[in-house]
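Working notes, structure below.
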Amino acid sequence: MAKDAVTMEKIVSLCKRRGFVFPSSEIYGGLASTYDYGHYGVLLKTNVKNAWWQSMVHGRDDIVALDAAILMHPRTWEASGHLDGFTDPLVQCLGECKRRFREDHLRETIEADGGDPDQTLQCPVCGGELSEPRNFNLMFATHMGPVAEEGSEIYLRPETAQGMFVDFKSVLQSSRKKPPFGIAQVGKSFRNEITPGNFVFRTREFEQMEMEFFVPPADAGEWYEYWKAERFGWYQDLGVRPDHLRLREHDAEELSHYSSATADVEYLFPFGWGELEGIANRGDFDLTQHAKFSGEKLDYVDPGNGERYMPYVIEPAAGADRAMVTFMVDAYDEEEIEGRERVLLRLHPRLAPVKSAVLPLLNKAGQPEKARAIYEELRAVMPAEFDTGGSIGKRYRRQDEIGTPWGITVDHQTMEDDTVTLRDRDSLEQTRIAADQIVGELAKKLASPWTSPKLA
Ligand code: GAP
């Protein structure tokens, strides 16, 4: 495996410098581990989510979309098991620093370093003694209405999944679908994580891309295998290098209370392997629980033969922020060109926030006007930029850093023969092309298959 130039520090710094992602509430000193997405970050994350919608909904006919409310009836969380079971074991330093840690994370780190995970733990910061573990519920609680009284407590959803189970009946009745079929949702979830970290990898507010696929029980095993392969392939199709991806099956101890089988898609980050997405066989746990707690019948009756059954659920559950940072980490590159270093994101063109930049070589002689006309034609078809500020080298470098795959330069020759230079971000190859063919040419390139040049 070729050595990567990337580090998390470089990604964080690029994100801040170019306005992809920056610390939230910075003028007040920031709010721990919360981030705001700036212009390019919004564009990139939107492209990630659109690629997910494309593969989950638009590209097939057995999945429908949902956008459920973040605030759900509090009984939802009793039924789902989150009120009692969505906890992490928390230990606190009794020594100097008084910091809190997840006990399971501390033991995992010791094991990864070759130590005995069952040993007595010490504070990893100051070496102090640690308290006995205490279970800590990760749901954010708040109150509905003007008075915080008994019964007014509600929760910010810790996963989008429950919306699909609670709305199962409405969707079934209105969508004319029958198992096997899925409900897909993208939206914010909230978890009061004890140890957020690694930039947007683990935060307390994040976006999930989840799909619940309802199937006849006998077919669940087959669909579980299908979705594992499908989701693993999605990251590769969008350019992530296969040698940095793996699919890891959970052993019995690691399984959630609702799951009979789970596999994680993991990526090799600079800090080690990290989970991008879990694919779980949730059986009939959720629908059975919600039927019990709500008193509604949620089983499916096959109109063909009258057979009644509670569908099983296969769930691919991904994080949009984690996926975005994965695409950035995987695409990050540095190289020296004619004695000068360039930093670039070799993003799949479909994900790149801006697809092309139109740059007049000179800020005179009709070149800016010509470049602007090409830019206006292009931006009607794909996200484009027009940049006149600074030397041409500096402008190329700005585009390389945000991953723009194509640069179009208008120069003196353009004014004579109406051709422009088309520059490729990865190969740096420059070709001459008629100005009136640019839009068609780039649309063709954008639709073409792509593999990471880092694999070459
Ligand atoms: N409905 C199942 C579920 O929520 P999960 O493994 O807890 O499963 C799914 O979450 C995905 O959501 C994770 O694989 C990850 O990508 C993302 N995710 C979970 N917690 C997160 C956090 N604190 N910060 C960012 N992303 C998170």
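Chain identifiers are assigned as A, B, and so on, following the order in which chains appear in the structure tokens; residues are numbered from 1 within each chain, and ligands are numbered from 1 in order of appearance.
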Kindly assemble as a Markdown table a list of the chain A residues that lie within 10 Å of ligand 1, each paired with its nearest atom pair and their distance in Å to one decimal, using only C-alpha atoms and all ligand atoms, sorted first by chain and then by ascending residue number.
| residue | atom | partner | partner_atom_place_in_ligand_line | distance |
| --- | --- | --- | --- | --- |
| A:Ser33 | CA | ligand 1 | 24 (N) | 9.8 |
| A:Phe86 | CA | ligand 1 | 7 (O) | 9.8 |
| A:Leu138 | CA | ligand 1 | 23 (N) | 9.8 |
| A:Arg157 | CA | ligand 1 | 4 (O) | 10.0 |
| A:Pro158 | CA | ligand 1 | 4 (O) | 7.1 |
| A:Glu159 | CA | ligand 1 | 4 (O) | 4.7 |
| A:Thr160 | CA | ligand 1 | 1 (N) | 6.5 |
| A:Ala161 | CA | ligand 1 | 1 (N) | 4.9 |
| A:Gln162 | CA | ligand 1 | 1 (N) | 7.6 |
| A:Lys188 | CA | ligand 1 | 26 (N) | 9.8 |
| A:Ser189 | CA | ligand 1 | 21 (C) | 8.2 |
| A:Phe190 | CA | ligand 1 | 23 (N) | 7.5 |
| A:Arg191 | CA | ligand 1 | 23 (N) | 6.1 |
| A:Asn192 | CA | ligand 1 | 23 (N) | 8.0 |
| A:Glu193 | CA | ligand 1 | 23 (N) | 6.2 |
| A:Ile194 | CA | ligand 1 | 23 (N) | 9.5 |
| A:Thr195 | CA | ligand 1 | 23 (N) | 9.0 |
| A:Pro196 | CA | ligand 1 | 23 (N) | 6.6 |
| A:Gly197 | CA | ligand 1 | 24 (N) | 8.6 |
| A:Asn198 | CA | ligand 1 | 24 (N) | 9.6 |
| A:Phe199 | CA | ligand 1 | 24 (N) | 9.3 |
| A:Val200 | CA | ligand 1 | 25 (C) | 6.2 |
| A:Phe201 | CA | ligand 1 | 25 (C) | 5.0 |
| A:Arg202 | CA | ligand 1 | 24 (N) | 3.4 |
| A:Thr203 | CA | ligand 1 | 24 (N) | 4.1 |
| A:Arg204 | CA | ligand 1 | 23 (N) | 5.3 |
| A:Glu205 | CA | ligand 1 | 24 (N) | 6.7 |
| A:Phe206 | CA | ligand 1 | 25 (C) | 5.1 |
| A:Glu207 | CA | ligand 1 | 26 (N) | 6.7 |
| A:Gln208 | CA | ligand 1 | 12 (O) | 5.3 |
| A:Met209 | CA | ligand 1 | 12 (O) | 7.5 |
| A:Glu210 | CA | ligand 1 | 1 (N) | 6.8 |
| A:Met211 | CA | ligand 1 | 1 (N) | 8.6 |
| A:Glu212 | CA | ligand 1 | 1 (N) | 8.8 |
| A:Ser256 | CA | ligand 1 | 8 (O) | 9.2 |
| A:Tyr258 | CA | ligand 1 | 2 (C) | 9.9 |
| A:Ser259 | CA | ligand 1 | 2 (C) | 9.9 |
| A:Thr262 | CA | ligand 1 | 6 (O) | 9.5 |
| A:Ala263 | CA | ligand 1 | 6 (O) | 9.8 |
| A:Asp264 | CA | ligand 1 | 14 (O) | 7.3 |
| A:Val265 | CA | ligand 1 | 14 (O) | 7.9 |
| A:Glu266 | CA | ligand 1 | 14 (O) | 8.7 |
| A:Gly274 | CA | ligand 1 | 14 (O) | 8.9 |
| A:Glu275 | CA | ligand 1 | 14 (O) | 5.4 |
| A:Leu276 | CA | ligand 1 | 16 (O) | 4.3 |
| A:Glu277 | CA | ligand 1 | 14 (O) | 3.5 |
| A:Gly278 | CA | ligand 1 | 14 (O) | 5.1 |
| A:Ile279 | CA | ligand 1 | 8 (O) | 8.4 |
| A:Ala280 | CA | ligand 1 | 2 (C) | 7.9 |
| A:Arg282 | CA | ligand 1 | 2 (C) | 9.4 |
| A:Glu315 | CA | ligand 1 | 1 (N) | 7.3 |
| A:Pro316 | CA | ligand 1 | 2 (C) | 7.8 |
| A:Ala317 | CA | ligand 1 | 9 (C) | 4.5 |
| A:Ala318 | CA | ligand 1 | 11 (C) | 4.2 |
| A:Gly319 | CA | ligand 1 | 16 (O) | 3.2 |
| A:Ala320 | CA | ligand 1 | 16 (O) | 6.8 |
| A:Asp321 | CA | ligand 1 | 25 (C) | 6.2 |
| A:Arg322 | CA | ligand 1 | 16 (O) | 5.5 |
| A:Ala323 | CA | ligand 1 | 16 (O) | 7.1 |
Practice problem: Name the residues in contact with region 218-231 of chain A at a cut-off of 7 Å, using only C-alpha atoms, excluding same-chain residues fewer than 3 positions from it; report them as an MDAnalysis selection string. | Solution: chainID A and resid 215 234 279 281 312 314 316
If you keep N, CA and C atoms, can you produce a file of those selected residues as a CSV table (one decimal), in the first residue's frame?
chain,number,residue,atom,x,y,z
A,215,VAL,N,-38.6,-7.3,4.6
A,215,VAL,CA,-38.6,-8.5,3.8
A,215,VAL,C,-39.4,-9.6,4.5
A,234,TRP,N,-20.7,0.7,-2.9
A,234,TRP,CA,-21.1,2.2,-3.1
A,234,TRP,C,-19.8,3.0,-2.9
A,279,ILE,N,-24.4,-2.6,8.6
A,279,ILE,CA,-25.5,-3.2,7.9
A,279,ILE,C,-26.0,-4.3,8.9
A,281,ASN,N,-29.1,-7.1,10.4
A,281,ASN,CA,-30.4,-7.8,10.3
A,281,ASN,C,-31.1,-7.6,11.7
A,312,TYR,N,-39.2,-8.9,8.5
A,312,TYR,CA,-37.9,-8.7,9.0
A,312,TYR,C,-37.3,-7.4,8.4
A,314,ILE,N,-33.7,-5.4,7.1
A,314,ILE,CA,-32.3,-5.3,6.9
A,314,ILE,C,-32.0,-3.8,6.8
A,316,PRO,N,-29.1,-0.9,6.2
A,316,PRO,CA,-27.8,-0.2,6.0
A,316,PRO,C,-27.9,1.2,6.6
Quiz item: Between A:Asp284, A:Asp4, A:Glu96, A:Asp302, which is the closest to Ala331 (chain A) once you count only C-alpha atoms?
Solution: A:Asp4
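We find CA of Ala380 (chain A) and CA of Trp52 (chain A) to be spaced 23.2 Å apart.
Closest approach to Glu307 (chain A) among A:Pro146, A:Gly182, A:Gly272, A:Pro216 is made by A:Pro216 (distances from only C-alpha atoms).
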Quiz item: Which residues come within 10 Å of Leu14 (chain A), counting only C-alpha atoms, excluding same-chain residues fewer than 2 positions away, as a PyMOL selection string?
Solution: chain A and resi 8-12+16-22+328+332+343-344+401-402
Quiz prompt | Residue list (strand (DSSP E), DSSP) for region 130-350 of chain A, as a ChimeraX atom specification | solution = /A:134-137,141-143,153-155,181-190,205-215,245-249,261-269,272-283,300-301,308-309,312-319,332-337,340-345
Quiz item: Can you list, as number ranges by chain, every protein, DNA or RNA residue that comes within 12 Å of region 286-297 of chain A when you count only C-alpha atoms, leaving out same-chain residues fewer than 5 positions away?
Solution: A: 73-82, 161-170, 212, 214, 257-259, 281, 308-315
With C-alpha atoms retained, write the just-selected residues as a CSV table (one decimal), in the first residue's frame.
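Output saved as out.csv:
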chain,number,residue,atom,x,y,z
A,73,HIS,CA,-43.5,10.6,20.6
A,74,PRO,CA,-41.5,9.7,23.8
A,75,ARG,CA,-43.1,6.2,23.8
A,76,THR,CA,-41.0,5.6,20.6
A,77,TRP,CA,-37.9,5.4,22.7
A,78,GLU,CA,-39.4,3.1,25.3
A,79,ALA,CA,-40.4,0.7,22.5
A,80,SER,CA,-37.1,0.9,20.7
A,81,GLY,CA,-35.1,0.1,23.8
A,82,HIS,CA,-33.2,3.4,23.8
A,161,ALA,CA,-34.3,4.6,11.8
A,162,GLN,CA,-37.3,4.8,14.3
A,163,GLY,CA,-39.1,7.1,11.9
A,164,MET,CA,-39.3,4.4,9.3
A,165,PHE,CA,-40.7,1.9,11.8
A,166,VAL,CA,-43.2,4.2,13.4
A,167,ASP,CA,-44.4,5.3,9.9
A,168,PHE,CA,-44.3,1.8,8.4
A,169,LYS,CA,-48.1,1.5,8.2
A,170,SER,CA,-48.7,5.0,6.6
A,212,GLU,CA,-34.9,0.1,6.5
A,214,PHE,CA,-38.7,-4.9,5.0
A,257,HIS,CA,-29.9,-5.9,21.4
A,258,TYR,CA,-32.0,-5.8,18.2
A,259,SER,CA,-29.6,-7.4,15.8
A,281,ASN,CA,-30.4,-7.8,10.3
A,308,ARG,CA,-49.9,-12.6,7.6
A,309,TYR,CA,-46.4,-12.0,8.9
A,310,MET,CA,-44.2,-9.4,10.7
A,311,PRO,CA,-41.6,-8.4,8.1
A,312,TYR,CA,-37.9,-8.7,9.0
A,313,VAL,CA,-35.7,-5.6,8.5
A,314,ILE,CA,-32.3,-5.3,6.9
A,315,GLU,CA,-30.8,-1.9,7.7
Exercise. Identify all residues of region 292-456 of chain A in alpha helix (DSSP H) (DSSP on the backbone) and supply them as a ChimeraX atom specification.
Key: /A:292-294,320-331,367-379,392-402,412-417,438-447
Quiz prompt | Nearest candidate to Trp406 (chain A) (options A:Gln173, A:Ser152, A:Gln430, A:Thr34; using only C-alpha atoms) | solution = A:Gln430
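Distance-wise, CA of Phe232 (chain A) and CA of Cys15 (chain A) end up 26.2 Å apart.
Proximity to Gly233 (chain A) was assessed for A:Glu429, A:Ser55, A:Ala365, A:Ala456 counting only C-alpha atoms; the smallest distance is recorded for A:Ser55.
Closest to Thr46 (chain A) among A:Leu351, A:Leu255, A:Ile183, A:Ala141 is A:Leu351, based on only C-alpha atoms.
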Quiz item: Quick one: residues within 10 Å of Asp237 (chain A), only C-alpha atoms counted, chain neighbours fewer than 2 positions away excluded, as JSON, numbers by chain?
Solution: {"A": [231, 232, 233, 234, 235, 239, 240, 241, 242, 348, 449, 450, 451, 452]}
Write the selection just made, keeping all heavy atoms, as a CSV table (one decimal), in the first residue's frame?
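Saved to out29.csv:
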chain,number,residue,atom,x,y,z
A,231,ARG,N,-23.6,-2.0,-0.3
A,231,ARG,CA,-23.1,-0.8,0.4
A,231,ARG,C,-21.6,-0.8,0.3
A,231,ARG,O,-21.0,0.3,0.3
A,231,ARG,CB,-23.7,-0.8,1.8
A,231,ARG,CG,-25.1,-0.6,1.9
A,231,ARG,CD,-25.7,0.6,1.2
A,231,ARG,NE,-25.0,1.8,1.7
A,231,ARG,CZ,-24.7,2.9,0.9
A,231,ARG,NH1,-25.1,2.9,-0.3
A,231,ARG,NH2,-24.1,3.9,1.5
A,232,PHE,N,-21.0,-1.9,0.4
A,232,PHE,CA,-19.5,-1.9,0.3
A,232,PHE,C,-19.1,-1.4,-1.1
A,232,PHE,O,-18.2,-0.6,-1.2
A,232,PHE,CB,-19.0,-3.4,0.5
A,232,PHE,CG,-17.5,-3.5,0.7
A,232,PHE,CD1,-16.9,-2.9,1.8
A,232,PHE,CD2,-16.7,-4.1,-0.2
A,232,PHE,CE1,-15.6,-3.0,2.0
A,232,PHE,CE2,-15.4,-4.2,0.0
A,232,PHE,CZ,-14.8,-3.6,1.1
A,233,GLY,N,-19.9,-1.8,-2.1
A,233,GLY,CA,-19.6,-1.3,-3.5
A,233,GLY,C,-19.8,0.2,-3.7
A,233,GLY,O,-19.1,0.8,-4.5
A,234,TRP,N,-20.7,0.7,-2.9
A,234,TRP,CA,-21.1,2.2,-3.1
A,234,TRP,C,-19.8,3.0,-2.9
A,234,TRP,O,-19.5,4.0,-3.6
A,234,TRP,CB,-22.2,2.5,-2.1
A,234,TRP,CG,-22.7,3.9,-2.2
A,234,TRP,CD1,-23.5,4.4,-3.2
A,234,TRP,CD2,-22.4,5.1,-1.4
A,234,TRP,NE1,-23.8,5.8,-3.0
A,234,TRP,CE2,-23.1,6.2,-1.9
A,234,TRP,CE3,-21.7,5.2,-0.2
A,234,TRP,CZ2,-23.1,7.4,-1.2
A,234,TRP,CZ3,-21.6,6.5,0.4
A,234,TRP,CH2,-22.3,7.6,-0.1
A,235,TYR,N,-19.1,2.8,-1.8
A,235,TYR,CA,-17.9,3.6,-1.5
A,235,TYR,C,-16.8,3.4,-2.6
A,235,TYR,O,-16.2,4.4,-3.0
A,235,TYR,CB,-17.3,3.2,-0.1
A,235,TYR,CG,-18.3,3.5,1.0
A,235,TYR,CD1,-19.2,2.5,1.5
A,235,TYR,CD2,-18.3,4.8,1.6
A,235,TYR,CE1,-20.1,2.8,2.5
A,235,TYR,CE2,-19.2,5.1,2.6
A,235,TYR,CZ,-20.1,4.1,3.1
A,235,TYR,OH,-20.9,4.4,4.1
A,239,GLY,N,-15.0,6.0,-5.7
A,239,GLY,CA,-13.6,6.3,-5.8
A,239,GLY,C,-12.8,5.9,-4.6
A,239,GLY,O,-11.5,6.0,-4.7
A,240,VAL,N,-13.4,5.4,-3.5
A,240,VAL,CA,-12.6,5.1,-2.4
A,240,VAL,C,-11.7,3.8,-2.7
A,240,VAL,O,-12.2,2.9,-3.2
A,240,VAL,CB,-13.4,4.8,-1.1
A,240,VAL,CG1,-12.6,4.4,0.1
A,240,VAL,CG2,-14.2,6.1,-0.8
A,241,ARG,N,-10.4,3.9,-2.3
A,241,ARG,CA,-9.5,2.8,-2.7
A,241,ARG,C,-9.9,1.5,-1.9
A,241,ARG,O,-10.0,1.6,-0.7
A,241,ARG,CB,-8.1,3.2,-2.4
A,241,ARG,CG,-7.6,4.4,-3.3
A,241,ARG,CD,-6.3,5.0,-2.7
A,241,ARG,NE,-6.6,5.7,-1.4
A,241,ARG,CZ,-5.7,6.1,-0.6
A,241,ARG,NH1,-4.5,5.9,-0.8
A,241,ARG,NH2,-6.1,6.7,0.5
A,242,PRO,N,-10.0,0.4,-2.7
A,242,PRO,CA,-10.4,-0.8,-2.0
A,242,PRO,C,-9.5,-1.3,-0.9
A,242,PRO,O,-9.9,-1.9,0.1
A,242,PRO,CB,-10.4,-1.8,-3.2
A,242,PRO,CG,-10.5,-1.0,-4.4
A,242,PRO,CD,-9.9,0.3,-4.1
A,348,HIS,N,-13.8,12.0,-6.7
A,348,HIS,CA,-14.6,11.6,-7.8
A,348,HIS,C,-15.3,12.8,-8.3
A,348,HIS,O,-15.9,13.6,-7.5
A,348,HIS,CB,-15.6,10.6,-7.3
A,348,HIS,CG,-16.3,9.9,-8.4
A,348,HIS,ND1,-17.0,10.5,-9.4
A,348,HIS,CD2,-16.4,8.5,-8.8
A,348,HIS,CE1,-17.6,9.6,-10.2
A,348,HIS,NE2,-17.1,8.4,-9.9
A,449,PRO,N,-17.4,6.6,-16.1
A,449,PRO,CA,-16.8,5.9,-14.9
A,449,PRO,C,-15.5,6.5,-14.6
A,449,PRO,O,-14.8,7.1,-15.4
A,449,PRO,CB,-16.6,4.5,-15.4
A,449,PRO,CG,-17.3,4.3,-16.7
A,449,PRO,CD,-17.5,5.7,-17.3
A,450,TRP,N,-15.1,6.4,-13.3
A,450,TRP,CA,-13.9,7.1,-12.8
A,450,TRP,C,-13.2,6.2,-11.8
A,450,TRP,O,-13.9,5.6,-11.0
A,450,TRP,CB,-14.3,8.4,-12.2
A,450,TRP,CG,-13.2,9.3,-11.7
A,450,TRP,CD1,-12.5,10.2,-12.4
A,450,TRP,CD2,-12.6,9.3,-10.4
A,450,TRP,NE1,-11.5,10.9,-11.7
A,450,TRP,CE2,-11.6,10.3,-10.4
A,450,TRP,CE3,-12.8,8.6,-9.2
A,450,TRP,CZ2,-10.8,10.6,-9.3
A,450,TRP,CZ3,-12.0,8.9,-8.1
A,450,TRP,CH2,-11.0,9.9,-8.2
A,451,THR,N,-11.9,6.1,-11.8
A,451,THR,CA,-11.2,5.4,-10.7
A,451,THR,C,-10.1,6.4,-10.2
A,451,THR,O,-9.6,7.2,-10.9
A,451,THR,CB,-10.5,4.1,-11.2
A,451,THR,OG1,-9.8,4.4,-12.4
A,451,THR,CG2,-11.4,3.0,-11.4
A,452,SER,N,-9.8,6.2,-8.9
A,452,SER,CA,-8.8,7.1,-8.3
A,452,SER,C,-7.5,7.0,-8.9
A,452,SER,O,-6.9,5.9,-9.1
A,452,SER,CB,-8.7,6.8,-6.8
A,452,SER,OG,-7.6,7.5,-6.3
Exercise. Would you list the contacts of Pro89 (chain A) as a PyMOL selection string, taking every protein, DNA or RNA residue within 12 Å and counting only C-alpha atoms, but skipping same-chain residues closer than 3 positions in sequence?
Key: chain A and resi 85-86+92+100-107+131-138+193-195
File dump, residues just selected, N, CA, C and O atoms, as a short mmCIF file (atom, residue, chain, number, x, y, z; two decimals), in the first residue's frame:
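Once written, out07.cif looks like this:
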data_model
loop_
_atom_site.label_atom_id
_atom_site.label_comp_id
_atom_site.auth_asym_id
_atom_site.auth_seq_id
_atom_site.Cartn_x
_atom_site.Cartn_y
_atom_site.Cartn_z
N GLY A 85 -31.71 1.06 27.20
CA GLY A 85 -30.50 0.37 26.76
C GLY A 85 -29.48 1.20 25.99
O GLY A 85 -28.38 0.71 25.70
N PHE A 86 -29.81 2.46 25.64
CA PHE A 86 -28.87 3.21 24.79
C PHE A 86 -27.86 3.94 25.68
O PHE A 86 -27.88 5.15 25.83
N GLN A 92 -14.94 7.93 35.47
CA GLN A 92 -14.41 9.28 35.68
C GLN A 92 -13.10 9.19 36.46
O GLN A 92 -12.96 8.37 37.38
N ARG A 100 -13.77 12.39 31.97
CA ARG A 100 -14.62 11.20 31.83
C ARG A 100 -14.23 10.46 30.54
O ARG A 100 -13.89 11.08 29.55
N PHE A 101 -14.34 9.14 30.61
CA PHE A 101 -13.98 8.31 29.45
C PHE A 101 -14.98 7.18 29.31
O PHE A 101 -15.65 6.81 30.28
N ARG A 102 -15.01 6.62 28.08
CA ARG A 102 -15.80 5.41 27.90
C ARG A 102 -14.93 4.23 28.28
O ARG A 102 -13.85 4.02 27.72
N GLU A 103 -15.43 3.43 29.22
CA GLU A 103 -14.64 2.30 29.70
C GLU A 103 -14.31 1.34 28.56
O GLU A 103 -13.17 0.89 28.41
N ASP A 104 -15.31 1.07 27.69
CA ASP A 104 -15.06 0.10 26.61
C ASP A 104 -14.00 0.61 25.64
O ASP A 104 -13.16 -0.15 25.16
N HIS A 105 -13.97 1.93 25.40
CA HIS A 105 -12.94 2.49 24.50
C HIS A 105 -11.56 2.34 25.11
O HIS A 105 -10.58 2.03 24.42
N LEU A 106 -11.45 2.57 26.44
CA LEU A 106 -10.14 2.44 27.09
C LEU A 106 -9.64 1.00 26.97
O LEU A 106 -8.47 0.75 26.66
N ARG A 107 -10.56 0.04 27.19
CA ARG A 107 -10.14 -1.37 27.13
C ARG A 107 -9.78 -1.77 25.69
O ARG A 107 -8.84 -2.52 25.46
N SER A 131 -13.13 5.81 38.48
CA SER A 131 -14.32 5.38 39.23
C SER A 131 -14.85 4.07 38.65
O SER A 131 -14.46 3.66 37.55
N GLU A 132 -15.78 3.43 39.36
CA GLU A 132 -16.51 2.29 38.81
C GLU A 132 -17.31 2.78 37.61
O GLU A 132 -17.76 3.94 37.60
N PRO A 133 -17.53 1.93 36.59
CA PRO A 133 -18.32 2.39 35.44
C PRO A 133 -19.78 2.65 35.82
O PRO A 133 -20.34 1.97 36.67
N ARG A 134 -20.34 3.68 35.21
CA ARG A 134 -21.73 4.06 35.44
C ARG A 134 -22.38 4.18 34.06
O ARG A 134 -21.78 4.75 33.15
N ASN A 135 -23.56 3.61 33.91
CA ASN A 135 -24.20 3.68 32.60
C ASN A 135 -24.80 5.06 32.36
O ASN A 135 -25.48 5.61 33.21
N PHE A 136 -24.53 5.58 31.19
CA PHE A 136 -24.90 6.96 30.87
C PHE A 136 -25.75 6.93 29.61
O PHE A 136 -25.30 6.40 28.59
N ASN A 137 -26.99 7.44 29.68
CA ASN A 137 -27.86 7.41 28.49
C ASN A 137 -27.45 8.50 27.51
O ASN A 137 -27.25 9.65 27.90
N LEU A 138 -27.33 8.11 26.24
CA LEU A 138 -26.79 9.03 25.23
C LEU A 138 -27.83 9.95 24.60
O LEU A 138 -27.49 10.79 23.77
N GLU A 193 -22.53 11.98 23.13
CA GLU A 193 -21.33 11.14 23.18
C GLU A 193 -20.40 11.58 24.32
O GLU A 193 -20.17 12.78 24.50
N ILE A 194 -19.87 10.61 25.03
CA ILE A 194 -18.95 10.94 26.13
C ILE A 194 -17.62 11.41 25.57
O ILE A 194 -17.01 12.36 26.06
N THR A 195 -17.16 10.70 24.56
CA THR A 195 -15.87 11.07 23.98
C THR A 195 -16.00 11.30 22.47
O THR A 195 -15.63 10.44 21.67
#
Exercise. With a distance cut-off of 9 Å and only C-alpha atoms, select the neighbouring residues of Leu71 (chain A), excluding the residue or stretch itself and same-chain residues fewer than 5 positions from it, and output the selection as a list in words.
Key: Ile154, Tyr155, Leu156 and Arg157 of chain A
Could you turn the residues from that selection into a file that holds C-alpha atoms, as a PDB file, in the first residue's frame?
ATOM      1  CA  ILE A 154     -39.026  14.385  24.924  1.00  0.00           C
ATOM      2  CA  TYR A 155     -35.801  13.433  23.159  1.00  0.00           C
ATOM      3  CA  LEU A 156     -33.837  14.523  20.141  1.00  0.00           C
ATOM      4  CA  ARG A 157     -33.763  11.358  18.024  1.00  0.00           C
TER       5      ARG A 157
END
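Each of A:Ser391, A:Ser13, A:Thr120, A:Ser24 was checked against Asp36 (chain A) using only C-alpha atoms; the smallest atom-to-atom distance is that of A:Ser24.
One distance worth recording is that between CA of Asp299 (chain A) and CA of Asp67 (chain A), which is 22.3 Å.
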